[in-house]
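A.B. asks: Hey, dropping final26.cif in here, mmCIF, C-alpha atoms:
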```cif
data_structure
loop_
_atom_site.label_atom_id
_atom_site.label_comp_id
_atom_site.auth_asym_id
_atom_site.auth_seq_id
_atom_site.Cartn_x
_atom_site.Cartn_y
_atom_site.Cartn_z
CA MET X 184 12.57 -9.51 -10.63
CA ALA X 185 9.64 -9.79 -13.06
CA VAL X 186 9.09 -6.80 -15.33
CA PRO X 187 5.49 -5.91 -16.28
CA ALA X 188 4.64 -6.69 -19.90
CA GLU X 189 2.94 -3.32 -20.32
CA CYS X 190 3.16 0.06 -18.67
CA ASP X 191 2.14 3.63 -19.40
CA VAL X 192 5.40 5.21 -18.24
CA LEU X 193 8.88 3.70 -18.33
CA VAL X 194 11.50 5.47 -16.21
CA LEU X 195 15.15 4.54 -16.84
CA GLY X 196 17.35 5.37 -13.88
CA GLY X 197 16.50 5.26 -10.19
CA GLY X 198 18.28 8.32 -8.85
CA PRO X 199 16.31 10.98 -6.96
CA ALA X 200 14.99 12.60 -10.18
CA GLY X 201 13.95 9.28 -11.73
CA THR X 202 12.32 8.08 -8.53
CA TRP X 203 10.33 11.29 -8.15
CA ALA X 204 9.30 11.15 -11.80
CA ALA X 205 8.02 7.61 -11.26
CA LEU X 206 6.16 8.63 -8.10
CA GLY X 207 4.62 11.60 -9.86
CA ALA X 208 3.39 9.48 -12.76
CA ALA X 209 2.05 6.78 -10.44
CA SER X 210 0.17 9.33 -8.34
CA SER X 211 -1.72 10.40 -11.48
CA GLY X 212 -2.92 6.83 -12.04
CA ALA X 213 -0.35 5.71 -14.63
CA ARG X 214 1.11 2.22 -14.65
CA VAL X 215 4.80 2.89 -14.03
CA THR X 216 7.90 0.74 -14.38
CA LEU X 217 11.14 2.05 -12.88
CA VAL X 218 14.29 0.34 -14.20
CA ASP X 219 17.76 0.62 -12.73
CA LYS X 220 20.87 -1.55 -13.01
CA GLY X 221 21.36 -1.28 -9.25
CA TYR X 222 19.08 0.03 -6.52
CA CYS X 223 17.28 3.35 -6.16
CA GLY X 224 19.76 5.99 -5.07
CA THR X 225 22.85 3.77 -5.29
CA SER X 226 23.87 3.55 -8.95
CA GLY X 227 25.09 5.75 -11.76
CA SER X 228 26.71 9.02 -10.69
CA THR X 229 25.17 8.60 -7.23
CA ALA X 230 27.40 5.59 -6.52
CA ALA X 231 30.51 7.77 -6.74
CA ALA X 232 29.14 11.14 -5.67
CA GLY X 233 26.66 10.13 -2.95
CA ASN X 234 22.94 10.81 -2.84
CA ASN X 235 23.03 14.10 -0.98
CA LEU X 236 20.47 16.68 -2.06
CA TRP X 237 20.49 20.47 -2.16
CA LEU X 238 17.77 20.66 0.50
CA LEU X 239 17.03 24.06 2.02
CA PRO X 240 13.82 25.44 3.58
CA PRO X 241 11.89 27.98 1.46
CA ASP X 242 12.27 30.79 3.98
CA GLY X 243 15.24 32.12 5.87
CA PRO X 244 18.80 33.20 5.12
CA ALA X 245 20.20 29.70 4.54
CA ARG X 246 18.71 29.41 1.05
CA THR X 247 19.72 32.94 0.05
CA GLU X 248 23.29 32.34 1.19
CA ALA X 249 23.46 28.94 -0.53
CA VAL X 250 22.23 30.32 -3.85
CA ALA X 251 24.72 33.21 -3.66
CA ALA X 252 27.56 30.76 -2.97
CA ARG X 253 26.56 28.63 -5.97
CA GLU X 254 26.53 31.73 -8.17
CA VAL X 255 30.12 32.49 -7.18
CA ALA X 256 31.19 28.85 -7.67
CA GLY X 257 29.55 28.82 -11.09
CA GLY X 258 31.27 31.98 -12.28
CA HIS X 259 27.92 33.83 -12.21
CA LEU X 260 26.76 31.78 -15.19
CA THR X 261 23.92 30.26 -13.17
CA ASP X 262 20.27 31.29 -13.36
CA ARG X 263 18.82 32.15 -9.95
CA ARG X 264 15.26 31.49 -11.14
CA TRP X 265 16.11 27.92 -12.15
CA MET X 266 17.96 27.33 -8.88
CA SER X 267 14.91 28.52 -6.95
CA ARG X 268 12.64 26.21 -8.95
CA ALA X 269 14.91 23.26 -8.30
CA LEU X 270 15.09 24.05 -4.58
CA ASP X 271 11.30 24.39 -4.32
CA ARG X 272 10.70 21.11 -6.14
CA THR X 273 13.29 19.23 -4.07
CA TRP X 274 11.83 20.55 -0.80
CA ASP X 275 8.35 19.36 -1.80
CA ALA X 276 9.51 16.03 -3.23
CA VAL X 277 11.57 15.06 -0.19
CA GLY X 278 8.41 15.56 1.83
CA GLN X 279 6.71 12.91 -0.33
CA LEU X 280 9.49 10.39 0.34
CA ALA X 281 9.43 11.24 4.05
CA ASP X 282 5.79 10.19 4.48
CA ALA X 283 6.85 6.66 5.45
CA CYS X 284 9.16 8.11 8.09
CA GLY X 285 7.42 7.98 11.45
CA SER X 286 4.69 5.66 10.20
CA VAL X 287 3.74 2.27 11.65
CA VAL X 288 2.87 -0.66 9.36
CA ASP X 289 1.88 -4.24 9.97
CA VAL X 290 4.47 -6.80 8.87
CA ALA X 291 3.59 -10.44 9.55
CA GLY X 292 1.58 -9.43 12.59
CA LEU X 293 4.25 -7.12 13.99
CA ARG X 294 3.91 -3.34 14.30
CA VAL X 295 6.97 -1.91 12.54
CA ALA X 296 7.95 1.78 12.62
CA PHE X 297 10.58 3.67 10.60
CA LEU X 298 12.70 6.74 11.33
CA GLY X 299 15.26 8.06 8.84
CA LEU X 300 18.04 10.66 8.86
CA ILE X 301 20.64 11.17 11.60
CA GLU X 302 21.28 13.59 14.44
CA LEU X 303 24.35 15.61 13.47
CA SER X 304 24.70 18.98 15.15
CA GLY X 305 24.59 21.89 12.72
CA ARG X 306 24.27 19.69 9.63
CA MET X 307 21.33 17.30 9.83
CA ASP X 308 18.63 16.23 12.24
CA LEU X 309 15.98 13.56 12.63
CA ASP X 310 12.71 14.42 10.87
CA GLU X 311 10.87 16.59 13.40
CA ARG X 312 7.35 15.54 12.37
CA ALA X 313 8.20 11.83 12.17
CA TYR X 314 9.97 11.93 15.54
CA ALA X 315 7.00 13.69 17.15
CA ARG X 316 4.55 11.12 15.72
CA LEU X 317 6.52 8.26 17.25
CA MET X 318 6.96 10.03 20.58
CA ARG X 319 3.17 10.43 20.79
CA LEU X 320 2.65 6.66 20.61
CA GLU X 321 2.00 4.73 23.80
CA PRO X 322 4.96 2.79 25.24
CA GLY X 323 4.92 -0.66 23.69
CA GLY X 324 2.93 0.64 20.70
CA VAL X 325 5.66 -0.59 18.32
CA ASP X 326 7.15 -4.08 18.17
CA VAL X 327 10.06 -3.29 15.82
CA LEU X 328 11.75 0.07 15.23
CA ILE X 329 13.94 0.50 12.13
CA THR X 330 16.16 3.60 12.08
CA HIS X 331 19.06 5.00 10.09
CA ASP X 332 20.92 6.42 13.10
CA GLY X 333 21.95 4.41 16.16
CA PRO X 334 21.47 5.15 19.87
CA TYR X 335 23.91 7.48 21.61
CA GLY X 336 26.97 5.72 23.00
CA MET X 337 26.67 2.63 20.81
CA SER X 338 30.33 2.92 19.75
CA ARG X 339 33.18 5.33 19.07
CA ASP X 340 34.56 6.57 15.77
CA LEU X 341 38.18 6.46 14.54
CA ARG X 342 38.93 9.66 16.48
CA GLY X 343 37.39 8.37 19.71
CA GLY X 344 34.21 10.42 19.43
CA VAL X 345 30.95 8.98 20.76
CA GLN X 346 28.62 7.79 18.01
CA GLY X 347 24.84 7.74 18.00
CA SER X 348 21.84 9.97 18.62
CA ALA X 349 20.70 11.07 22.07
CA LYS X 350 17.25 11.79 20.61
CA LEU X 351 17.02 8.21 19.36
CA THR X 352 17.97 6.91 22.80
CA ARG X 353 15.11 8.93 24.31
CA LEU X 354 12.74 7.52 21.68
CA LEU X 355 13.80 3.95 22.52
CA GLU X 356 13.30 4.63 26.22
CA HIS X 357 9.80 5.93 25.48
CA LEU X 358 8.59 3.45 22.85
CA GLN X 359 10.23 0.36 24.37
CA PRO X 360 9.96 -1.77 21.20
CA ARG X 361 10.98 -5.41 21.47
CA LEU X 362 13.54 -4.98 18.69
CA HIS X 363 15.50 -2.06 17.25
CA VAL X 364 17.66 -2.31 14.11
CA SER X 365 19.83 0.53 12.78
CA GLY X 366 22.53 1.18 10.20
CA HIS X 367 24.58 4.27 9.25
CA TYR X 368 27.83 3.42 11.05
CA HIS X 369 28.69 0.57 8.68
CA HIS X 370 29.76 -1.94 11.32
CA LEU X 371 28.10 -4.80 13.19
CA ASN X 372 27.16 -3.72 16.71
CA GLY X 373 24.95 -5.57 19.17
CA PRO X 374 23.02 -6.92 20.76
CA ARG X 375 22.70 -4.03 23.22
CA VAL X 376 19.86 -3.76 25.72
CA TYR X 377 17.92 -0.58 26.50
CA GLY X 378 15.28 -1.49 29.07
CA ARG X 379 12.90 -3.87 27.27
CA THR X 380 14.52 -3.20 23.88
CA THR X 381 17.25 -5.26 22.24
CA SER X 382 19.16 -3.18 19.67
CA TYR X 383 21.32 -4.30 16.75
CA ALA X 384 23.30 -2.34 14.15
CA LEU X 385 23.94 -3.75 10.68
CA ALA X 386 27.25 -3.48 8.87
CA GLN X 387 27.57 -1.92 5.42
CA LEU X 388 26.06 -4.35 2.89
CA VAL X 389 28.97 -4.23 0.45
CA ARG X 390 32.17 -2.43 1.44
CA PRO X 391 33.64 -0.26 -1.34
CA LYS X 392 36.81 -1.32 -3.10
CA VAL X 393 38.66 1.70 -1.72
CA THR X 394 37.84 4.60 0.61
CA ARG X 395 39.61 7.82 1.50
CA TRP X 396 40.70 6.15 4.76
CA GLU X 397 41.71 2.92 3.02
CA PRO X 398 43.22 3.83 -0.37
CA GLU X 399 44.42 0.28 -0.92
CA THR X 400 41.88 -2.15 -2.36
CA THR X 401 40.15 -3.86 0.57
CA ASN X 402 37.19 -5.54 -1.12
CA PRO X 403 38.17 -6.19 -4.75
CA GLU X 404 35.56 -8.94 -5.26
CA GLN X 405 32.74 -6.84 -3.75
CA ARG X 406 31.77 -9.52 -1.25
CA VAL X 407 28.80 -9.02 1.04
CA THR X 408 30.02 -7.85 4.46
CA ALA X 409 29.55 -10.14 7.45
CA GLY X 410 26.87 -8.76 9.77
CA SER X 411 25.21 -6.68 7.07
CA VAL X 412 22.21 -9.00 6.68
CA GLY X 413 19.94 -10.07 9.51
CA LEU X 414 16.97 -12.40 9.80
CA LEU X 415 13.96 -11.79 12.05
CA ASP X 416 11.81 -14.75 13.06
CA THR X 417 8.43 -13.02 13.31
CA GLY X 418 6.97 -16.00 15.14
CA ILE X 419 9.19 -15.74 18.21
CA GLY X 420 10.68 -12.28 17.63
CA ASP X 421 14.26 -13.56 17.45
CA PHE X 422 16.81 -11.59 15.40
CA THR X 423 20.15 -12.95 14.26
CA TYR X 424 22.96 -11.86 11.95
CA LEU X 425 23.52 -14.03 8.90
CA ASP X 426 27.20 -15.00 8.79
CA ASP X 427 26.93 -18.38 7.08
CA ASP X 428 29.77 -19.53 4.82
CA TRP X 429 27.61 -19.35 1.69
CA LEU X 430 27.03 -15.64 2.27
CA ALA X 431 30.73 -14.93 1.77
CA GLU X 432 30.39 -16.10 -1.83
CA VAL X 433 27.68 -13.54 -2.67
CA ARG X 434 29.02 -10.68 -4.79
CA GLY X 435 27.76 -7.10 -4.60
CA ASP X 436 28.05 -6.52 -8.35
CA ALA X 437 25.26 -9.05 -8.97
CA LEU X 438 23.36 -8.92 -5.70
CA ASP X 439 19.87 -10.44 -5.79
CA LEU X 440 18.21 -9.60 -2.46
CA THR X 441 15.18 -11.78 -3.22
CA ALA X 442 17.37 -14.82 -3.76
CA LEU X 443 19.42 -13.87 -0.70
CA VAL X 444 16.35 -13.94 1.56
CA ALA X 445 15.09 -17.17 -0.05
CA ALA X 446 18.44 -18.85 0.61
CA ALA X 447 18.47 -17.62 4.20
CA CYS X 448 15.02 -19.09 4.83
#
```
Represent the structure from my file as structure tokens, please.

C.D. replies:
Amino acid sequence: MAVPAECDVLVLGGGPAGTWAALGAASSGARVTLVDKGYCGTSGSTAAAGNNLWLLPPDGPARTEAVAAREVAGGHLTDRRWMSRALDRTWDAVGQLADACGSVVDVAGLRVAFLGLIELSGRMDLDERAYARLMRLEPGGVDVLITHDGPYGMSRDLRGGVQGSAKLTRLLEHLQPRLHVSGHYHHLNGPRVYGRTTSYALAQLVRPKVTRWEPETTNPEQRVTAGSVGLLDTGIGDFTYLDDDWLAEVRGDALDLTALVAAAC
């Protein structure tokens, strides 16, 4: 990727803090370059620890209880004022990143909508405002829907539990896009048909070398996972998984998505 010869602000590191710093500088009119050895949210400490955020609404008992628990865990060496500042800033900043969620953009003549997060009872839920915006659209108002979560009943987990979001299923039934693509569950799944919608789930792009379920090395060369990359022909609306032999030689440690797409085309 080409790097600008000049910029006003150079941000090194694309974790949540670095990304928000870059967004803040850009919103003030500065020319910003954000540099990371991997991808935003997936490198550095985030790669091992995950990119979860301490995200709690400003009002209500949840924040008070969370702060009190952190004080105990920190041996009461924490500063409640700094924790409150961090929580306020995170709450506002996540709202900035969520603006694209629920929006519809034109991509090669197709109306493409996005919906992040997952439906997980008691822990996480789809963005209420984004979900409502999409539910207000007329049926057929979106050609392609890209989501993090998958529809309810798409598969079962290792314990036999049903995977997917019932809310997302209702959204698909309402919007009736031609194509739906999701992720989250890390395995290839599809095509599945929901009325006029054909739905696909992508596998995890690069499987980790080990997991807590698979302590033995399963992907030592960090190969790209089959079914993790798909290609949409915007002319005819056809979607297909890329499982060509050459893809198996692509390594995650030096993954160039631009070159990957160019090779696929």

A.B. asks: Just so the selection is clear, what residues does the PyMOL selection byres ((chain X and resi 318-323) around 6) cover here, as a ChimeraX atom specification?

C.D. replies: /X:315-317,324-325,357-360

A.B. asks: Determine, counting only C-alpha atoms, every residue of protein, DNA or RNA that lies within 12 Å of (10.3, 5.9, 7.7) in the file coordinates, then give the result as a list in words.

C.D. replies: Gly278, Gln279, Leu280, Ala281, Asp282, Ala283, Cys284, Gly285, Ser286, Val287, Val288, Val295, Ala296, Phe297, Leu298, Gly299, Leu300, Leu309, Asp310, Arg312, Ala313, Tyr314, Arg316, Leu317, Leu328, Ile329, Thr330, His331 and Asp332 of chain X

A.B. asks: Taking every listed atom of stretch 195-208 of chain X and adding 3 Å to each side, what centre and edge lengths in Å (one decimal) does the axis-aligned box have, as AutoDock Vina command-line options?

C.D. replies:
```
--center_x 10.8 --center_y 8.6 --center_z -11.9 --size_x 20.9 --size_y 14.1 --size_z 15.9
```

A.B. asks: On this structure, the PyMOL selection byres ((chain X and resi 335) around 12) would catch which residues? List them as a ChimeraX atom specification, sorted by chain and number.

C.D. replies: /X:301-303,332-334,336-339,344-356,365,368,375,377,382

A.B. asks: Can those selected residues be exported to a file as a PDB file, in the coordinates of the input so that it contains C-alpha atoms?

C.D. replies:
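Done, and the output landed in result-v7.pdb:
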```pdb
ATOM      1  CA  ILE X 301      20.640  11.170  11.600  1.00  0.00           C
ATOM      2  CA  GLU X 302      21.280  13.590  14.440  1.00  0.00           C
ATOM      3  CA  LEU X 303      24.350  15.610  13.470  1.00  0.00           C
ATOM      4  CA  ASP X 332      20.920   6.420  13.100  1.00  0.00           C
ATOM      5  CA  GLY X 333      21.950   4.410  16.160  1.00  0.00           C
ATOM      6  CA  PRO X 334      21.470   5.150  19.870  1.00  0.00           C
ATOM      7  CA  GLY X 336      26.970   5.720  23.000  1.00  0.00           C
ATOM      8  CA  MET X 337      26.670   2.630  20.810  1.00  0.00           C
ATOM      9  CA  SER X 338      30.330   2.920  19.750  1.00  0.00           C
ATOM     10  CA  ARG X 339      33.180   5.330  19.070  1.00  0.00           C
ATOM     11  CA  GLY X 344      34.210  10.420  19.430  1.00  0.00           C
ATOM     12  CA  VAL X 345      30.950   8.980  20.760  1.00  0.00           C
ATOM     13  CA  GLN X 346      28.620   7.790  18.010  1.00  0.00           C
ATOM     14  CA  GLY X 347      24.840   7.740  18.000  1.00  0.00           C
ATOM     15  CA  SER X 348      21.840   9.970  18.620  1.00  0.00           C
ATOM     16  CA  ALA X 349      20.700  11.070  22.070  1.00  0.00           C
ATOM     17  CA  LYS X 350      17.250  11.790  20.610  1.00  0.00           C
ATOM     18  CA  LEU X 351      17.020   8.210  19.360  1.00  0.00           C
ATOM     19  CA  THR X 352      17.970   6.910  22.800  1.00  0.00           C
ATOM     20  CA  ARG X 353      15.110   8.930  24.310  1.00  0.00           C
ATOM     21  CA  LEU X 354      12.740   7.520  21.680  1.00  0.00           C
ATOM     22  CA  LEU X 355      13.800   3.950  22.520  1.00  0.00           C
ATOM     23  CA  GLU X 356      13.300   4.630  26.220  1.00  0.00           C
ATOM     24  CA  SER X 365      19.830   0.530  12.780  1.00  0.00           C
ATOM     25  CA  TYR X 368      27.830   3.420  11.050  1.00  0.00           C
ATOM     26  CA  ARG X 375      22.700  -4.030  23.220  1.00  0.00           C
ATOM     27  CA  TYR X 377      17.920  -0.580  26.500  1.00  0.00           C
ATOM     28  CA  SER X 382      19.160  -3.180  19.670  1.00  0.00           C
TER      29      SER X 382
END
```

A.B. asks: Written as a count of residues only, which residues does the PyMOL selection byres ((chain X and resi 369) around 6) give for the file shown?

C.D. replies: 5

A.B. asks: Name the closest residue to X:Thr408 among the candidates X:Val389, X:Trp396, X:Asp426, X:Gly197; distances are taken between atoms, counting all atoms listed in the file.

C.D. replies: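 Of X:Val389, X:Trp396, X:Asp426, X:Gly197, the one nearest X:Thr408, counting all atoms listed in the file, is X:Val389.
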
A.B. asks: Which residues are near stretch 411-414 of chain X? Cut-off 9 Å, only C-alpha atoms, ignore same chain within fewer than 4 positions. Put them as a PyMOL selection string.

C.D. replies: chain X and resi 366+369-371+384-389+407+421-426+444+447-448

A.B. asks: Between X:Val327, X:Pro244, X:Pro403, X:Ala276, which is the closest to X:Ala205 once you count all atoms listed in the file?

C.D. replies: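 That would be X:Ala276, the residue with the smallest distance to X:Ala205.
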
A.B. asks: Which residue, X:Arg342, X:Arg406, X:Arg246, X:His259, has the smallest gap to X:Pro391 when you use all atoms listed in the file?

C.D. replies: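 So, comparing all the options, the nearest one is X:Arg406.
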
A.B. asks: Report, in Å to a single decimal, how far apart atom CA of X:Thr202 and atom CA of X:Leu260 are.

C.D. replies: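 We find that atom CA of X:Leu260 and atom CA of X:Thr202 lie 28.5 Å from each other.
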
A.B. asks: Just checking: using all atoms listed in the file, which residue out of X:Gly420, X:Ala409, X:Thr261, X:Asn402 ends up closest to X:Asn372?

C.D. replies: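 Once distances to X:Asn372 are computed over all atoms listed in the file, the minimum belongs to X:Ala409.
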
A.B. asks: Contacts of stretch 262-270 of chain X at 9 Å or less, counting only C-alpha atoms, minus same-chain residues fewer than 5 places along, as an MDAnalysis selection string?

C.D. replies: chainID X and resid 237:241 246 250:251 254 275

A.B. asks: Take the residues that were just selected and, keeping C-alpha atoms, output them as a PDB file, keeping the file's coordinate frame.

C.D. replies:
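New file again-v2.pdb:
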```pdb
ATOM      1  CA  TRP X 237      20.490  20.470  -2.160  1.00  0.00           C
ATOM      2  CA  LEU X 238      17.770  20.660   0.500  1.00  0.00           C
ATOM      3  CA  LEU X 239      17.030  24.060   2.020  1.00  0.00           C
ATOM      4  CA  PRO X 240      13.820  25.440   3.580  1.00  0.00           C
ATOM      5  CA  PRO X 241      11.890  27.980   1.460  1.00  0.00           C
ATOM      6  CA  ARG X 246      18.710  29.410   1.050  1.00  0.00           C
ATOM      7  CA  VAL X 250      22.230  30.320  -3.850  1.00  0.00           C
ATOM      8  CA  ALA X 251      24.720  33.210  -3.660  1.00  0.00           C
ATOM      9  CA  GLU X 254      26.530  31.730  -8.170  1.00  0.00           C
ATOM     10  CA  ASP X 275       8.350  19.360  -1.800  1.00  0.00           C
TER      11      ASP X 275
END
```

A.B. asks: Kindly give the distance, in Å, that separates atom CA of X:Val218 and atom CA of X:Leu193, rounded to a single decimal.

C.D. replies: 7.6 Å

A.B. asks: Between atom CA of X:Ala204 and atom CA of X:Ala245, what is the spacing in Å?

C.D. replies: 27.0 Å

A.B. asks: So which one's closest to X:Ala291, X:Thr441, X:Thr400, X:Thr247, X:Thr417? Using all atoms listed in the file, please.

C.D. replies: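 For X:Ala291, the nearest of the given residues is X:Thr417.
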
A.B. asks: So which one's closest to X:Leu293, X:Leu362, X:Cys190, X:Ala446, X:Leu217? Using only C-alpha atoms, please.

C.D. replies: X:Leu362

A.B. asks: For stretch 310-393 of chain X in the structure I just supplied, write out C-alpha atoms - as a JSON list (two decimals), in the first residue's frame.

C.D. replies:
```json
[["chain", "number", "residue", "atom", "x", "y", "z"],
["X", 310, "ASP", "CA", -26.93, -2.03, 17.49],
["X", 311, "GLU", "CA", -30.48, -0.84, 18.23],
["X", 312, "ARG", "CA", -30.31, 2.32, 16.11],
["X", 313, "ALA", "CA", -28.67, 0.60, 13.14],
["X", 314, "TYR", "CA", -31.15, -2.28, 13.28],
["X", 315, "ALA", "CA", -34.08, 0.13, 13.39],
["X", 316, "ARG", "CA", -32.75, 2.10, 10.39],
["X", 317, "LEU", "CA", -32.56, -1.05, 8.30],
["X", 318, "MET", "CA", -35.97, -2.30, 9.42],
["X", 319, "ARG", "CA", -37.47, 1.02, 8.26],
["X", 320, "LEU", "CA", -36.25, 0.45, 4.69],
["X", 321, "GLU", "CA", -38.67, -0.85, 2.10],
["X", 322, "PRO", "CA", -38.39, -4.57, 1.23],
["X", 323, "GLY", "CA", -35.90, -4.89, -1.59],
["X", 324, "GLY", "CA", -34.28, -1.57, -0.63],
["X", 325, "VAL", "CA", -30.90, -3.31, -0.21],
["X", 326, "ASP", "CA", -29.16, -5.55, -2.74],
["X", 327, "VAL", "CA", -26.41, -6.87, -0.45],
["X", 328, "LEU", "CA", -26.45, -7.12, 3.36],
["X", 329, "ILE", "CA", -23.13, -7.63, 5.19],
["X", 330, "THR", "CA", -23.40, -8.63, 8.85],
["X", 331, "HIS", "CA", -21.18, -9.92, 11.63],
["X", 332, "ASP", "CA", -23.74, -12.35, 13.06],
["X", 333, "GLY", "CA", -25.49, -15.08, 11.07],
["X", 334, "PRO", "CA", -29.19, -15.97, 10.84],
["X", 335, "TYR", "CA", -30.74, -18.12, 13.56],
["X", 336, "GLY", "CA", -30.44, -21.84, 12.90],
["X", 337, "MET", "CA", -27.58, -21.58, 10.43],
["X", 338, "SER", "CA", -25.58, -24.23, 12.31],
["X", 339, "ARG", "CA", -24.86, -25.72, 15.73],
["X", 340, "ASP", "CA", -21.89, -25.20, 18.03],
["X", 341, "LEU", "CA", -19.63, -27.86, 19.58],
["X", 342, "ARG", "CA", -22.16, -28.39, 22.38],
["X", 343, "GLY", "CA", -25.10, -28.75, 19.99],
["X", 344, "GLY", "CA", -26.52, -25.29, 20.65],
["X", 345, "VAL", "CA", -28.26, -23.43, 17.83],
["X", 346, "GLN", "CA", -26.15, -20.63, 16.36],
["X", 347, "GLY", "CA", -27.31, -17.37, 14.84],
["X", 348, "SER", "CA", -29.54, -14.38, 15.56],
["X", 349, "ALA", "CA", -33.33, -14.50, 15.44],
["X", 350, "LYS", "CA", -33.34, -10.70, 15.02],
["X", 351, "LEU", "CA", -31.13, -11.02, 11.95],
["X", 352, "THR", "CA", -33.48, -13.63, 10.50],
["X", 353, "ARG", "CA", -36.38, -11.19, 10.90],
["X", 354, "LEU", "CA", -34.31, -8.47, 9.21],
["X", 355, "LEU", "CA", -33.57, -10.76, 6.25],
["X", 356, "GLU", "CA", -37.25, -11.65, 5.95],
["X", 357, "HIS", "CA", -38.11, -7.94, 5.91],
["X", 358, "LEU", "CA", -35.34, -6.53, 3.70],
["X", 359, "GLN", "CA", -35.17, -9.47, 1.27],
["X", 360, "PRO", "CA", -31.73, -8.55, -0.15],
["X", 361, "ARG", "CA", -30.47, -10.59, -3.08],
["X", 362, "LEU", "CA", -27.32, -11.55, -1.16],
["X", 363, "HIS", "CA", -26.37, -11.81, 2.51],
["X", 364, "VAL", "CA", -22.82, -12.46, 3.73],
["X", 365, "SER", "CA", -21.88, -12.97, 7.39],
["X", 366, "GLY", "CA", -18.94, -14.06, 9.53],
["X", 367, "HIS", "CA", -18.46, -14.56, 13.29],
["X", 368, "TYR", "CA", -18.76, -18.35, 13.46],
["X", 369, "HIS", "CA", -15.45, -18.95, 11.68],
["X", 370, "HIS", "CA", -16.65, -21.69, 9.33],
["X", 371, "LEU", "CA", -17.91, -21.84, 5.76],
["X", 372, "ASN", "CA", -21.70, -22.15, 5.69],
["X", 373, "GLY", "CA", -23.98, -21.79, 2.68],
["X", 374, "PRO", "CA", -25.57, -21.15, 0.41],
["X", 375, "ARG", "CA", -28.80, -21.05, 2.42],
["X", 376, "VAL", "CA", -32.01, -19.54, 1.07],
["X", 377, "TYR", "CA", -34.35, -17.26, 3.02],
["X", 378, "GLY", "CA", -37.17, -16.30, 0.68],
["X", 379, "ARG", "CA", -35.54, -14.19, -2.05],
["X", 380, "THR", "CA", -32.23, -14.01, -0.16],
["X", 381, "THR", "CA", -29.24, -16.30, -0.64],
["X", 382, "SER", "CA", -27.03, -16.29, 2.47],
["X", 383, "TYR", "CA", -23.38, -17.29, 2.87],
["X", 384, "ALA", "CA", -21.07, -17.37, 5.91],
["X", 385, "LEU", "CA", -17.32, -16.91, 5.55],
["X", 386, "ALA", "CA", -14.76, -18.95, 7.44],
["X", 387, "GLN", "CA", -12.09, -17.37, 9.62],
["X", 388, "LEU", "CA", -9.52, -15.72, 7.33],
["X", 389, "VAL", "CA", -6.46, -17.21, 9.05],
["X", 390, "ARG", "CA", -6.93, -19.86, 11.72],
["X", 391, "PRO", "CA", -4.70, -19.37, 14.78],
["X", 392, "LYS", "CA", -1.79, -21.69, 15.41],
["X", 393, "VAL", "CA", -3.42, -22.99, 18.59]]
```
